[in-house]
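Undergrad: Can you keep this structure in mind? I'll have questions shortly.
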Amino acid sequence: MGDDLRLRAVVGLAQAMAAAQGPREVWRAAALGACRALGGSFAALSVWEREQGRLRVLVNAGRLAAGEEEYPEAETYPVHQFPEITEFLHERWAGGGEPDAWVETSDGRAEGRPGYCHQRVAALRRRGRGCCVVAPIVLHGHAWGELYVAREAGAEVFGRADADFATVLAAVAAAGIVQCERLEEARRLAYTDALTGLANRRAVDARLDEAVEAHRAEGAVVSLVVCDVNGLKRVNDTHGHAVGDRLLERFGSLLSLCGAMLPGTLAARLGGDEFCLVSVGPGADEVVGVAEELCERAYGLATGEGVACGVASTGDAIGEVRSARRLFRLADAAQYRAKAVRARGPVVAGREAEPETGADAVLKLADTPPPEGGERRRLRGRRGGSGDAAARTEGRER
């Protein structure tokens with residue numbers, strides 16, 4: 001391959017990784033790009049998991065052998081079977097050298113510095129491949145993993161020039177992986193509450209919109225549990241905000257624990273003393289059961305006074321739910337009623353019939369505008385005023 005073609009291959013690899021969405025696509029772009037650039041038939045990207053002493057395959061690309069999967073769940077190899085990544089190469093880096101790639105062949109001969117090749121030779125023979133080039137991937141000065149490209153048996157064996165080019169491709173892949181990690185971290189911070197580590201309001205809005213769409217399209221049960229930590233103002237005024245923050249952190253951990261009882265449930269802090277669970281799939285009774293346990297456990301938290309908890313689920317008789325805003329209004333009204341009647345357990349929309357009229361008190365509250373004097377808290381719309389998810393309250397009495 002001429003210099004111009006190699007340059008184009010490098011540029012193409014960088015562009016493919018930059019255009020990829022999420023880690024999996026980035027890994028696949030790196031493996032496929034390197035495979036094409038080196039004229040290989042198969043490529044894999046693996047990460048070195050130091051704490052477990054193993055190489056874990058992230059992606060297999062190209063012509064897969066029997067038993068190989070594109071995104072394997074549990075394809076791992078003890079590092080001691082491939083010690084060059086930790087011993088041979090590491091010692092060279094520590095001595096001031098640069099990491100470089102090497103070639104292995106199915107007959108056991110390797111060009112360059114082979115390190116320990118017997119396991120790779122056995123793998124080549126077992127999978128009908130004739131040779132491979134292995135390039136270490138280095139991030140922040142440390143071995144991160146490896147890029148592996150192979151050719152079928154009978155194809156031209158990789159040479160020293162191919163190994164040198166693989167080293168360049170691995171460096172480009174490393175830059176793309178670093179960029180992906182930075183974007184993932186930025187995304188995580190954008191959707192995470194800094195104090196509790198739970199999801200934040202932005203994450204709730206996104207999840208709830210998706211959930212309601214799934215409900216409308218497929219009939220999926222969507223449930224929203226809204227909680228208000230009682231007594232936070234008293235704790236802050238009496239013991240200081242640091243103690244109040246610890247109360248919020250402890251309740252956040254409890255919420256996460258209870259939310260884990262419902263598969264796929266999102267636990268979030270909406271802001272201030274307000275938290276929620278967004279559940280998609282589990283039935284309404286199951287969600288209410290978890291909410292009851294959450295309320296009971298919340299009363300055991302030191303310094304706190306339990307929680308006011310409201311539940312709204314499309315699995316109950318709450319009428320048509322066409323938007324996230326509607327479900328939020330119902331859960332919010334249920335939580336408001338729980339606070340007003342000092343309920344120890346959750347109040348559930350669609351299950352709170354008024355003795356006098358038989359009408360559901362929560363549905364009535366959600367659909368009744370607050371008085372002009374603002375005696376009942378005002379439900380505010382989604383951040384930025386777009387109005388698809390409803391809201392929380394402002395200026396509520398503790």
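Naming scheme: A, B, ... for chains in displayed order of the structure tokens; residues 1 onward per chain; ligands 1 onward as shown.
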Per DSSP on the backbone, what are the helix (DSSP H, G or I) residues of stretch 17-78 of chain A, as a PDB file with N, CA, C and O atoms, in the first residue's frame?
TA:
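Saved as states-v1.pdb:
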```pdb
ATOM      1  N   MET A  17     -14.499   6.922  13.382  1.00  0.00           N
ATOM      2  CA  MET A  17     -14.616   6.914  14.831  1.00  0.00           C
ATOM      3  C   MET A  17     -15.268   8.195  15.336  1.00  0.00           C
ATOM      4  O   MET A  17     -16.054   8.165  16.284  1.00  0.00           O
ATOM      5  N   ALA A  18     -14.959   9.329  14.689  1.00  0.00           N
ATOM      6  CA  ALA A  18     -15.561  10.596  15.109  1.00  0.00           C
ATOM      7  C   ALA A  18     -17.069  10.610  14.855  1.00  0.00           C
ATOM      8  O   ALA A  18     -17.827  11.234  15.601  1.00  0.00           O
ATOM      9  N   ALA A  19     -17.506   9.899  13.807  1.00  0.00           N
ATOM     10  CA  ALA A  19     -18.936   9.891  13.457  1.00  0.00           C
ATOM     11  C   ALA A  19     -19.718   8.860  14.265  1.00  0.00           C
ATOM     12  O   ALA A  19     -20.951   8.894  14.277  1.00  0.00           O
ATOM     13  N   PRO A  23     -19.842   4.193  22.701  1.00  0.00           N
ATOM     14  CA  PRO A  23     -18.642   3.359  22.757  1.00  0.00           C
ATOM     15  C   PRO A  23     -18.660   2.174  21.799  1.00  0.00           C
ATOM     16  O   PRO A  23     -17.655   1.901  21.135  1.00  0.00           O
ATOM     17  N   ARG A  24     -19.768   1.434  21.733  1.00  0.00           N
ATOM     18  CA  ARG A  24     -19.791   0.250  20.870  1.00  0.00           C
ATOM     19  C   ARG A  24     -19.502   0.586  19.415  1.00  0.00           C
ATOM     20  O   ARG A  24     -18.741  -0.122  18.740  1.00  0.00           O
ATOM     21  N   GLU A  25     -20.119   1.639  18.919  1.00  0.00           N
ATOM     22  CA  GLU A  25     -19.879   2.036  17.537  1.00  0.00           C
ATOM     23  C   GLU A  25     -18.443   2.486  17.340  1.00  0.00           C
ATOM     24  O   GLU A  25     -17.841   2.249  16.285  1.00  0.00           O
ATOM     25  N   VAL A  26     -17.870   3.153  18.343  1.00  0.00           N
ATOM     26  CA  VAL A  26     -16.473   3.582  18.258  1.00  0.00           C
ATOM     27  C   VAL A  26     -15.553   2.370  18.179  1.00  0.00           C
ATOM     28  O   VAL A  26     -14.623   2.320  17.366  1.00  0.00           O
ATOM     29  N   TRP A  27     -15.793   1.373  19.029  1.00  0.00           N
ATOM     30  CA  TRP A  27     -14.959   0.160  19.003  1.00  0.00           C
ATOM     31  C   TRP A  27     -15.052  -0.531  17.638  1.00  0.00           C
ATOM     32  O   TRP A  27     -14.038  -0.949  17.068  1.00  0.00           O
ATOM     33  N   ARG A  28     -16.259  -0.644  17.141  1.00  0.00           N
ATOM     34  CA  ARG A  28     -16.462  -1.329  15.858  1.00  0.00           C
ATOM     35  C   ARG A  28     -15.799  -0.564  14.725  1.00  0.00           C
ATOM     36  O   ARG A  28     -15.171  -1.158  13.839  1.00  0.00           O
ATOM     37  N   ALA A  29     -15.918   0.762  14.750  1.00  0.00           N
ATOM     38  CA  ALA A  29     -15.279   1.582  13.712  1.00  0.00           C
ATOM     39  C   ALA A  29     -13.767   1.411  13.741  1.00  0.00           C
ATOM     40  O   ALA A  29     -13.109   1.348  12.690  1.00  0.00           O
ATOM     41  N   ALA A  30     -13.183   1.334  14.930  1.00  0.00           N
ATOM     42  CA  ALA A  30     -11.733   1.150  15.057  1.00  0.00           C
ATOM     43  C   ALA A  30     -11.305  -0.193  14.481  1.00  0.00           C
ATOM     44  O   ALA A  30     -10.332  -0.280  13.712  1.00  0.00           O
ATOM     45  N   ALA A  31     -12.028  -1.257  14.844  1.00  0.00           N
ATOM     46  CA  ALA A  31     -11.662  -2.590  14.378  1.00  0.00           C
ATOM     47  C   ALA A  31     -11.846  -2.724  12.865  1.00  0.00           C
ATOM     48  O   ALA A  31     -10.942  -3.199  12.157  1.00  0.00           O
ATOM     49  N   LEU A  32     -13.002  -2.297  12.352  1.00  0.00           N
ATOM     50  CA  LEU A  32     -13.260  -2.419  10.920  1.00  0.00           C
ATOM     51  C   LEU A  32     -12.306  -1.545  10.104  1.00  0.00           C
ATOM     52  O   LEU A  32     -11.792  -1.973   9.061  1.00  0.00           O
ATOM     53  N   GLY A  33     -12.060  -0.325  10.575  1.00  0.00           N
ATOM     54  CA  GLY A  33     -11.160   0.574   9.850  1.00  0.00           C
ATOM     55  C   GLY A  33      -9.756   0.005   9.755  1.00  0.00           C
ATOM     56  O   GLY A  33      -9.112   0.052   8.693  1.00  0.00           O
ATOM     57  N   ALA A  34      -9.252  -0.552  10.852  1.00  0.00           N
ATOM     58  CA  ALA A  34      -7.917  -1.149  10.850  1.00  0.00           C
ATOM     59  C   ALA A  34      -7.877  -2.390   9.970  1.00  0.00           C
ATOM     60  O   ALA A  34      -6.894  -2.641   9.256  1.00  0.00           O
ATOM     61  N   CYS A  35      -8.946  -3.179  10.021  1.00  0.00           N
ATOM     62  CA  CYS A  35      -9.014  -4.386   9.211  1.00  0.00           C
ATOM     63  C   CYS A  35      -8.920  -4.059   7.722  1.00  0.00           C
ATOM     64  O   CYS A  35      -8.146  -4.672   6.973  1.00  0.00           O
ATOM     65  N   ARG A  36      -9.664  -3.064   7.292  1.00  0.00           N
ATOM     66  CA  ARG A  36      -9.642  -2.663   5.881  1.00  0.00           C
ATOM     67  C   ARG A  36      -8.304  -2.053   5.499  1.00  0.00           C
ATOM     68  O   ARG A  36      -7.750  -2.337   4.434  1.00  0.00           O
ATOM     69  N   ALA A  37      -7.772  -1.203   6.377  1.00  0.00           N
ATOM     70  CA  ALA A  37      -6.512  -0.531   6.075  1.00  0.00           C
ATOM     71  C   ALA A  37      -5.363  -1.515   5.909  1.00  0.00           C
ATOM     72  O   ALA A  37      -4.451  -1.287   5.110  1.00  0.00           O
ATOM     73  N   ARG A  50      -7.168  -4.549  34.342  1.00  0.00           N
ATOM     74  CA  ARG A  50      -6.074  -4.813  35.274  1.00  0.00           C
ATOM     75  C   ARG A  50      -6.538  -5.487  36.562  1.00  0.00           C
ATOM     76  O   ARG A  50      -5.904  -6.408  37.061  1.00  0.00           O
ATOM     77  N   GLU A  51      -7.661  -4.978  37.102  1.00  0.00           N
ATOM     78  CA  GLU A  51      -8.097  -5.481  38.400  1.00  0.00           C
ATOM     79  C   GLU A  51      -8.495  -6.954  38.341  1.00  0.00           C
ATOM     80  O   GLU A  51      -8.478  -7.649  39.355  1.00  0.00           O
ATOM     81  N   GLN A  52      -8.822  -7.444  37.140  1.00  0.00           N
ATOM     82  CA  GLN A  52      -9.202  -8.847  37.003  1.00  0.00           C
ATOM     83  C   GLN A  52      -8.162  -9.658  36.241  1.00  0.00           C
ATOM     84  O   GLN A  52      -8.362 -10.853  35.998  1.00  0.00           O
TER      85      GLN A  52
END
```
Undergrad: Which residues are near A:Ser279? Cut-off 7 Å, only C-alpha atoms, ignore same chain within fewer than 4 positions. Put them as a VMD selection string.
TA: chain A and resid 222 to 224 264 to 266
Undergrad: Please identify all polymer residues within 6 Å of stretch 323-339 of chain A, counting only C-alpha atoms, omitting same-chain residues fewer than 2 positions from it, and present them as JSON, numbers by chain.
TA: {"A": [208, 209, 308, 309, 310, 311, 312, 321, 341, 342, 343, 347, 349, 362, 366, 388, 389, 390]}
Undergrad: Have a look at A:Ser253, A:Ala186, A:Leu169, A:Thr238 and name the one nearest to A:Arg8; count only C-alpha atoms.
TA: A:Leu169
Undergrad: Using only C-alpha atoms, find the one residue out of A:Ala359, A:Leu248, A:Ile318, A:Cys258 that sits nearest to A:Gly304.
TA: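 Going through A:Ala359, A:Leu248, A:Ile318, A:Cys258 one by one, the smallest distance to A:Gly304 is for A:Leu248.
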Undergrad: Could you work out how far atom CA of A:Val59 lies from atom CA of A:Leu38, giving the answer in Å with one decimal?
TA: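 Atom-to-atom, atom CA of A:Leu38 to atom CA of A:Val59, that is 17.5 Å.
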Undergrad: At a cut-off of 10 Å, using only C-alpha atoms, what residues contact A:Asp273? Leave out same-chain residues fewer than 6 positions from it and give the result as a list in words.
TA: Cys227, Asp228, Val229, Asn230, Gly231, Leu232, Lys233, Gly244, Asp245, Leu247, Leu248, Phe251 and Val307 of chain A
Undergrad: Identify, on the basis of only C-alpha atoms, every residue whose closest approach to A:Leu254 does not exceed 8 Å; exclude the query and any residue fewer than 2 positions from it along the same chain; express the result as a PyMOL selection string.
TA: chain A and resi 250-252+256-258+294+297-298
Undergrad: For A:Glu146, find every residue with an atom within 8 Å (counting only C-alpha atoms), except residues of its own chain fewer than 3 positions away, and show them as a list in words.
TA: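 Listing them by chain and then by number gives Leu45, Ser46, Val47, Trp48, Val134, Ala135, Pro136, Ile137 and Ala170 of chain A.
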Undergrad: Smallest atom-to-atom distance to A:Cys276: which of A:Leu64, A:Val226, A:Leu363, A:Val204, using only C-alpha atoms?
TA: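 For A:Cys276, the nearest of the candidates is A:Val226.
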Undergrad: Take atom CA of A:Ala171 and atom CA of A:Asp100 and report the distance between them in Å, one decimal.
TA: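 Here the two named atoms are 9.9 Å from each other.
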Undergrad: For a test of reading the model, state the distance in Å between atom CA of A:Gly271 and atom CA of A:Tyr191, rounded to one decimal.
TA: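 So the answer is 12.6 Å.
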Undergrad: Apply DSSP to the backbone of this structure and, from stretch 114-268 of chain A, keep only the residues in strand (DSSP E or B); write these as a VMD selection string.
TA: chain A and resid 129 to 139 142 to 152 192 199 222 to 229 266 to 268
